[in-house]
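Asks: File model-v8.pdb below, PDB, C-alpha atoms:
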```pdb
ATOM      1  CA  ARG R  27      92.089  70.245 181.756  1.00  0.00           C
ATOM      2  CA  ASP R  28      95.431  71.546 182.869  1.00  0.00           C
ATOM      3  CA  THR R  29      97.701  69.429 180.702  1.00  0.00           C
ATOM      4  CA  ILE R  30     100.118  70.322 177.919  1.00  0.00           C
ATOM      5  CA  GLY R  31      99.604  67.088 175.986  1.00  0.00           C
ATOM      6  CA  PHE R  32     101.865  66.372 173.010  1.00  0.00           C
ATOM      7  CA  VAL R  33     104.003  69.501 173.491  1.00  0.00           C
ATOM      8  CA  SER R  34     105.467  67.860 176.600  1.00  0.00           C
ATOM      9  CA  ASN R  35     107.416  65.500 174.321  1.00  0.00           C
ATOM     10  CA  VAL R  36     111.060  66.659 174.227  1.00  0.00           C
ATOM     11  CA  ASN R  37     111.414  65.752 170.545  1.00  0.00           C
ATOM     12  CA  ARG R  38     108.429  67.927 169.643  1.00  0.00           C
ATOM     13  CA  ILE R  39     109.884  70.839 171.616  1.00  0.00           C
ATOM     14  CA  ILE R  40     113.215  70.526 169.798  1.00  0.00           C
ATOM     15  CA  VAL R  41     111.535  70.346 166.393  1.00  0.00           C
ATOM     16  CA  ALA R  42     109.283  73.323 167.135  1.00  0.00           C
ATOM     17  CA  LEU R  43     112.177  75.483 168.307  1.00  0.00           C
ATOM     18  CA  SER R  44     114.684  74.443 165.652  1.00  0.00           C
ATOM     19  CA  ARG R  45     112.497  74.875 162.546  1.00  0.00           C
ATOM     20  CA  ALA R  46     112.120  78.645 162.835  1.00  0.00           C
ATOM     21  CA  ARG R  47     114.049  80.452 160.104  1.00  0.00           C
ATOM     22  CA  HIS R  48     113.029  84.098 160.467  1.00  0.00           C
ATOM     23  CA  GLY R  49     111.336  84.208 163.844  1.00  0.00           C
ATOM     24  CA  LEU R  50     109.124  82.264 166.179  1.00  0.00           C
ATOM     25  CA  TYR R  51     105.990  83.048 168.123  1.00  0.00           C
ATOM     26  CA  ILE R  52     104.985  80.720 170.913  1.00  0.00           C
ATOM     27  CA  ILE R  53     101.401  81.458 171.845  1.00  0.00           C
ATOM     28  CA  GLY R  54     100.052  79.675 174.853  1.00  0.00           C
ATOM     29  CA  ASN R  55      99.976  79.353 178.594  1.00  0.00           C
ATOM     30  CA  GLY R  56     103.620  79.783 179.578  1.00  0.00           C
ATOM     31  CA  LYS R  57     102.959  79.191 183.266  1.00  0.00           C
ATOM     32  CA  LEU R  58     101.325  75.850 182.532  1.00  0.00           C
ATOM     33  CA  LEU R  59     104.173  74.837 180.195  1.00  0.00           C
ATOM     34  CA  GLN R  60     106.713  75.701 182.898  1.00  0.00           C
ATOM     35  CA  GLN R  61     104.805  73.786 185.574  1.00  0.00           C
ATOM     36  CA  GLN R  62     104.574  70.599 183.531  1.00  0.00           C
ATOM     37  CA  SER R  63     107.872  70.478 181.662  1.00  0.00           C
ATOM     38  CA  ASP R  64     111.449  71.106 182.778  1.00  0.00           C
ATOM     39  CA  GLU R  65     112.421  71.715 179.143  1.00  0.00           C
ATOM     40  CA  TRP R  66     109.744  74.382 178.682  1.00  0.00           C
ATOM     41  CA  PHE R  67     110.711  75.871 182.044  1.00  0.00           C
ATOM     42  CA  MET R  68     114.321  76.307 180.926  1.00  0.00           C
ATOM     43  CA  THR R  69     113.321  77.546 177.462  1.00  0.00           C
ATOM     44  CA  LEU R  70     110.888  80.166 178.717  1.00  0.00           C
ATOM     45  CA  LYS R  71     113.282  81.333 181.440  1.00  0.00           C
ATOM     46  CA  GLN R  72     115.941  81.878 178.764  1.00  0.00           C
ATOM     47  CA  LEU R  73     113.477  83.807 176.611  1.00  0.00           C
ATOM     48  CA  GLU R  74     112.517  85.942 179.621  1.00  0.00           C
ATOM     49  CA  LYS R  75     116.202  86.766 180.202  1.00  0.00           C
ATOM     50  CA  GLN R  76     116.361  87.934 176.578  1.00  0.00           C
ATOM     51  CA  GLU R  77     113.220  90.033 177.141  1.00  0.00           C
ATOM     52  CA  ALA R  78     111.520  88.054 174.395  1.00  0.00           C
ATOM     53  CA  VAL R  79     108.345  87.214 176.333  1.00  0.00           C
ATOM     54  CA  VAL R  80     105.325  89.503 176.102  1.00  0.00           C
ATOM     55  CA  GLU R  81     101.789  89.262 177.449  1.00  0.00           C
ATOM     56  CA  GLU R  82     100.109  90.580 174.296  1.00  0.00           C
ATOM     57  CA  ILE R  83     100.848  91.177 170.630  1.00  0.00           C
ATOM     58  CA  GLN R  84      99.386  93.601 168.156  1.00  0.00           C
ATOM     59  CA  VAL R  85      97.906  91.976 165.078  1.00  0.00           C
ATOM     60  CA  HIS R  86      96.482  93.542 161.958  1.00  0.00           C
ATOM     61  CA  CYS R  87      94.921  92.411 158.742  1.00  0.00           C
ATOM     62  CA  PRO R  88      97.248  93.051 155.777  1.00  0.00           C
ATOM     63  CA  GLU R  89      94.234  93.635 153.518  1.00  0.00           C
ATOM     64  CA  HIS R  90      92.249  95.800 155.927  1.00  0.00           C
ATOM     65  CA  THR R  91      94.823  97.902 157.764  1.00  0.00           C
ATOM     66  CA  GLN R  92      92.155  99.546 159.884  1.00  0.00           C
ATOM     67  CA  HIS R  93      91.596  96.179 161.604  1.00  0.00           C
ATOM     68  CA  THR R  94      94.209  96.163 164.350  1.00  0.00           C
ATOM     69  CA  MET R  95      93.913  94.855 167.882  1.00  0.00           C
ATOM     70  CA  LEU R  96      95.943  93.714 170.848  1.00  0.00           C
ATOM     71  CA  CYS R  97      95.568  90.005 171.445  1.00  0.00           C
ATOM     72  CA  LYS R  98      96.129  88.613 174.925  1.00  0.00           C
ATOM     73  CA  THR R  99      94.227  85.321 174.770  1.00  0.00           C
ATOM     74  CA  GLY R 100      93.300  82.640 172.284  1.00  0.00           C
ATOM     75  CA  ASN R 101      89.780  84.035 172.266  1.00  0.00           C
ATOM     76  CA  ASP R 102      91.147  87.392 171.093  1.00  0.00           C
ATOM     77  CA  PHE R 103      92.848  85.717 168.126  1.00  0.00           C
ATOM     78  CA  GLN R 104      89.694  83.796 167.263  1.00  0.00           C
ATOM     79  CA  PHE R 105      87.628  86.997 167.378  1.00  0.00           C
ATOM     80  CA  PHE R 106      90.159  88.765 165.143  1.00  0.00           C
ATOM     81  CA  LEU R 107      90.134  85.941 162.595  1.00  0.00           C
ATOM     82  CA  GLU R 108      86.344  85.852 162.503  1.00  0.00           C
ATOM     83  CA  GLN R 109      86.222  89.609 161.842  1.00  0.00           C
ATOM     84  CA  GLY R 110      88.661  89.418 158.885  1.00  0.00           C
TER      85      GLY R 110
END
```
Have the structure of the file written as structure tokens, please.

Replies:
Amino acid sequence: RDTIGFVSNVNRIIVALSRARHGLYIIGNGKLLQQQSDEWFMTLKQLEKQEAVVEEIQVHCPEHTQHTMLCKTGNDFQFFLEQG
């Protein structure tokens, strides 16, 4: 199922991007977003110009600081959450 569903709605994109107060993480398939939405294409291209797009992020448990891992996919995040 290569579809972006409700996040293709321009109003939802605007709300998602404008509600951030201290920072914003967009976790997902950027290539798919760009293929299916001109708005996401322009947004992600702008973020790339600002060097704000990464392929992985390091996450850690605030209660168990020894639990740290690099997450590249949704499955990585799920695994991390299940281990916490």

Asks: Applying 12 Å and all atoms listed in the file, which residues near Leu50 in chain R remain after dropping the ones on its own chain fewer than 4 positions away? List them as JSON, numbers by chain.

Replies: {"R": [42, 43, 44, 45, 46, 73, 78, 79]}

Asks: Rounded to one decimal place, report the CA of Glu74 in chain R-CA of Arg38 in chain R distance in Å.

Replies: 21.0 Å

Asks: Expressed in Å to a single decimal, how great is the separation between CA of Cys87 in chain R and CA of Val33 in chain R?

Replies: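 Going from CA of Cys87 in chain R over to CA of Val33 in chain R covers 28.7 Å.
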
Asks: Between CA of Cys97 in chain R and CA of Asn55 in chain R, what is the distance, to one decimal in Å?

Replies: 13.6 Å

Asks: Pick out the closest residue to Phe67 in chain R from this set: R:Thr29, R:Gln84, R:Thr99, R:Ser34. Count only C-alpha atoms.

Replies: R:Ser34

Asks: Could you add the missing atoms to range 94-105 of chain R, up to all heavy atoms, and return them as a compact mmCIF listing (two decimals), in the frame of the given file?

Replies:
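To be explicit, this is the file written out as part.txt:
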```txt
# COMPACT_ATOMS: atom_id res chain seq x y z
N THR R 94 93.06 96.43 163.49
CA THR R 94 94.21 96.16 164.35
C THR R 94 93.71 95.98 165.77
O THR R 94 92.80 96.67 166.21
CB THR R 94 95.20 97.35 164.31
OG1 THR R 94 95.63 97.53 162.97
CG2 THR R 94 96.40 97.08 165.19
N MET R 95 94.29 95.03 166.48
CA MET R 95 93.91 94.86 167.88
C MET R 95 95.03 94.20 168.66
O MET R 95 95.90 93.55 168.08
CB MET R 95 92.61 94.06 168.02
CG MET R 95 92.69 92.59 167.67
SD MET R 95 91.11 91.73 167.84
CE MET R 95 90.94 91.60 169.61
N LEU R 96 95.01 94.40 169.96
CA LEU R 96 95.94 93.71 170.85
C LEU R 96 95.32 92.39 171.26
O LEU R 96 94.19 92.36 171.72
CB LEU R 96 96.23 94.56 172.09
CG LEU R 96 97.06 95.81 171.87
CD1 LEU R 96 97.16 96.60 173.16
CD2 LEU R 96 98.43 95.49 171.33
N CYS R 97 96.06 91.33 171.07
CA CYS R 97 95.57 90.00 171.44
C CYS R 97 96.33 89.52 172.68
O CYS R 97 97.55 89.51 172.70
CB CYS R 97 95.77 89.03 170.30
SG CYS R 97 94.74 89.38 168.87
N LYS R 98 95.55 89.13 173.68
CA LYS R 98 96.13 88.61 174.92
C LYS R 98 95.77 87.15 175.15
O LYS R 98 96.44 86.47 175.91
CB LYS R 98 95.62 89.43 176.12
CG LYS R 98 96.05 90.86 176.10
CD LYS R 98 95.51 91.58 177.32
CE LYS R 98 95.89 93.03 177.32
NZ LYS R 98 95.46 93.73 178.53
N THR R 99 94.69 86.69 174.54
CA THR R 99 94.23 85.32 174.77
C THR R 99 93.89 84.66 173.44
O THR R 99 93.75 85.34 172.41
CB THR R 99 92.96 85.30 175.65
OG1 THR R 99 91.86 85.85 174.89
CG2 THR R 99 93.14 86.09 176.93
N GLY R 100 93.73 83.36 173.48
CA GLY R 100 93.30 82.64 172.28
C GLY R 100 91.96 83.13 171.77
O GLY R 100 91.72 83.17 170.56
N ASN R 101 91.08 83.51 172.68
CA ASN R 101 89.78 84.04 172.27
C ASN R 101 89.93 85.33 171.47
O ASN R 101 89.17 85.58 170.54
CB ASN R 101 88.88 84.27 173.48
CG ASN R 101 88.43 82.97 174.12
OD1 ASN R 101 88.42 81.92 173.48
ND2 ASN R 101 88.08 83.03 175.38
N ASP R 102 90.90 86.16 171.84
CA ASP R 102 91.15 87.39 171.09
C ASP R 102 91.54 87.08 169.66
O ASP R 102 91.07 87.71 168.71
CB ASP R 102 92.27 88.22 171.73
CG ASP R 102 91.89 88.79 173.08
OD1 ASP R 102 90.69 88.88 173.40
OD2 ASP R 102 92.83 89.14 173.83
N PHE R 103 92.43 86.10 169.47
CA PHE R 103 92.85 85.72 168.13
C PHE R 103 91.67 85.18 167.32
O PHE R 103 91.50 85.51 166.16
CB PHE R 103 93.96 84.66 168.17
CG PHE R 103 95.29 85.21 168.57
CD1 PHE R 103 95.75 85.04 169.85
CD2 PHE R 103 96.06 85.92 167.67
CE1 PHE R 103 96.97 85.54 170.23
CE2 PHE R 103 97.28 86.44 168.04
CZ PHE R 103 97.74 86.25 169.32
N GLN R 104 90.85 84.35 167.95
CA GLN R 104 89.69 83.80 167.26
C GLN R 104 88.75 84.90 166.83
O GLN R 104 88.28 84.91 165.70
CB GLN R 104 88.96 82.80 168.17
CG GLN R 104 87.83 82.07 167.48
CD GLN R 104 88.31 81.21 166.33
OE1 GLN R 104 89.39 80.61 166.38
NE2 GLN R 104 87.54 81.14 165.27
N PHE R 105 88.48 85.86 167.71
CA PHE R 105 87.63 87.00 167.38
C PHE R 105 88.21 87.76 166.20
O PHE R 105 87.49 88.12 165.25
CB PHE R 105 87.47 87.91 168.59
CG PHE R 105 86.70 89.17 168.31
CD1 PHE R 105 85.31 89.16 168.24
CD2 PHE R 105 87.37 90.37 168.05
CE1 PHE R 105 84.60 90.30 167.96
CE2 PHE R 105 86.67 91.53 167.77
CZ PHE R 105 85.27 91.50 167.72
```
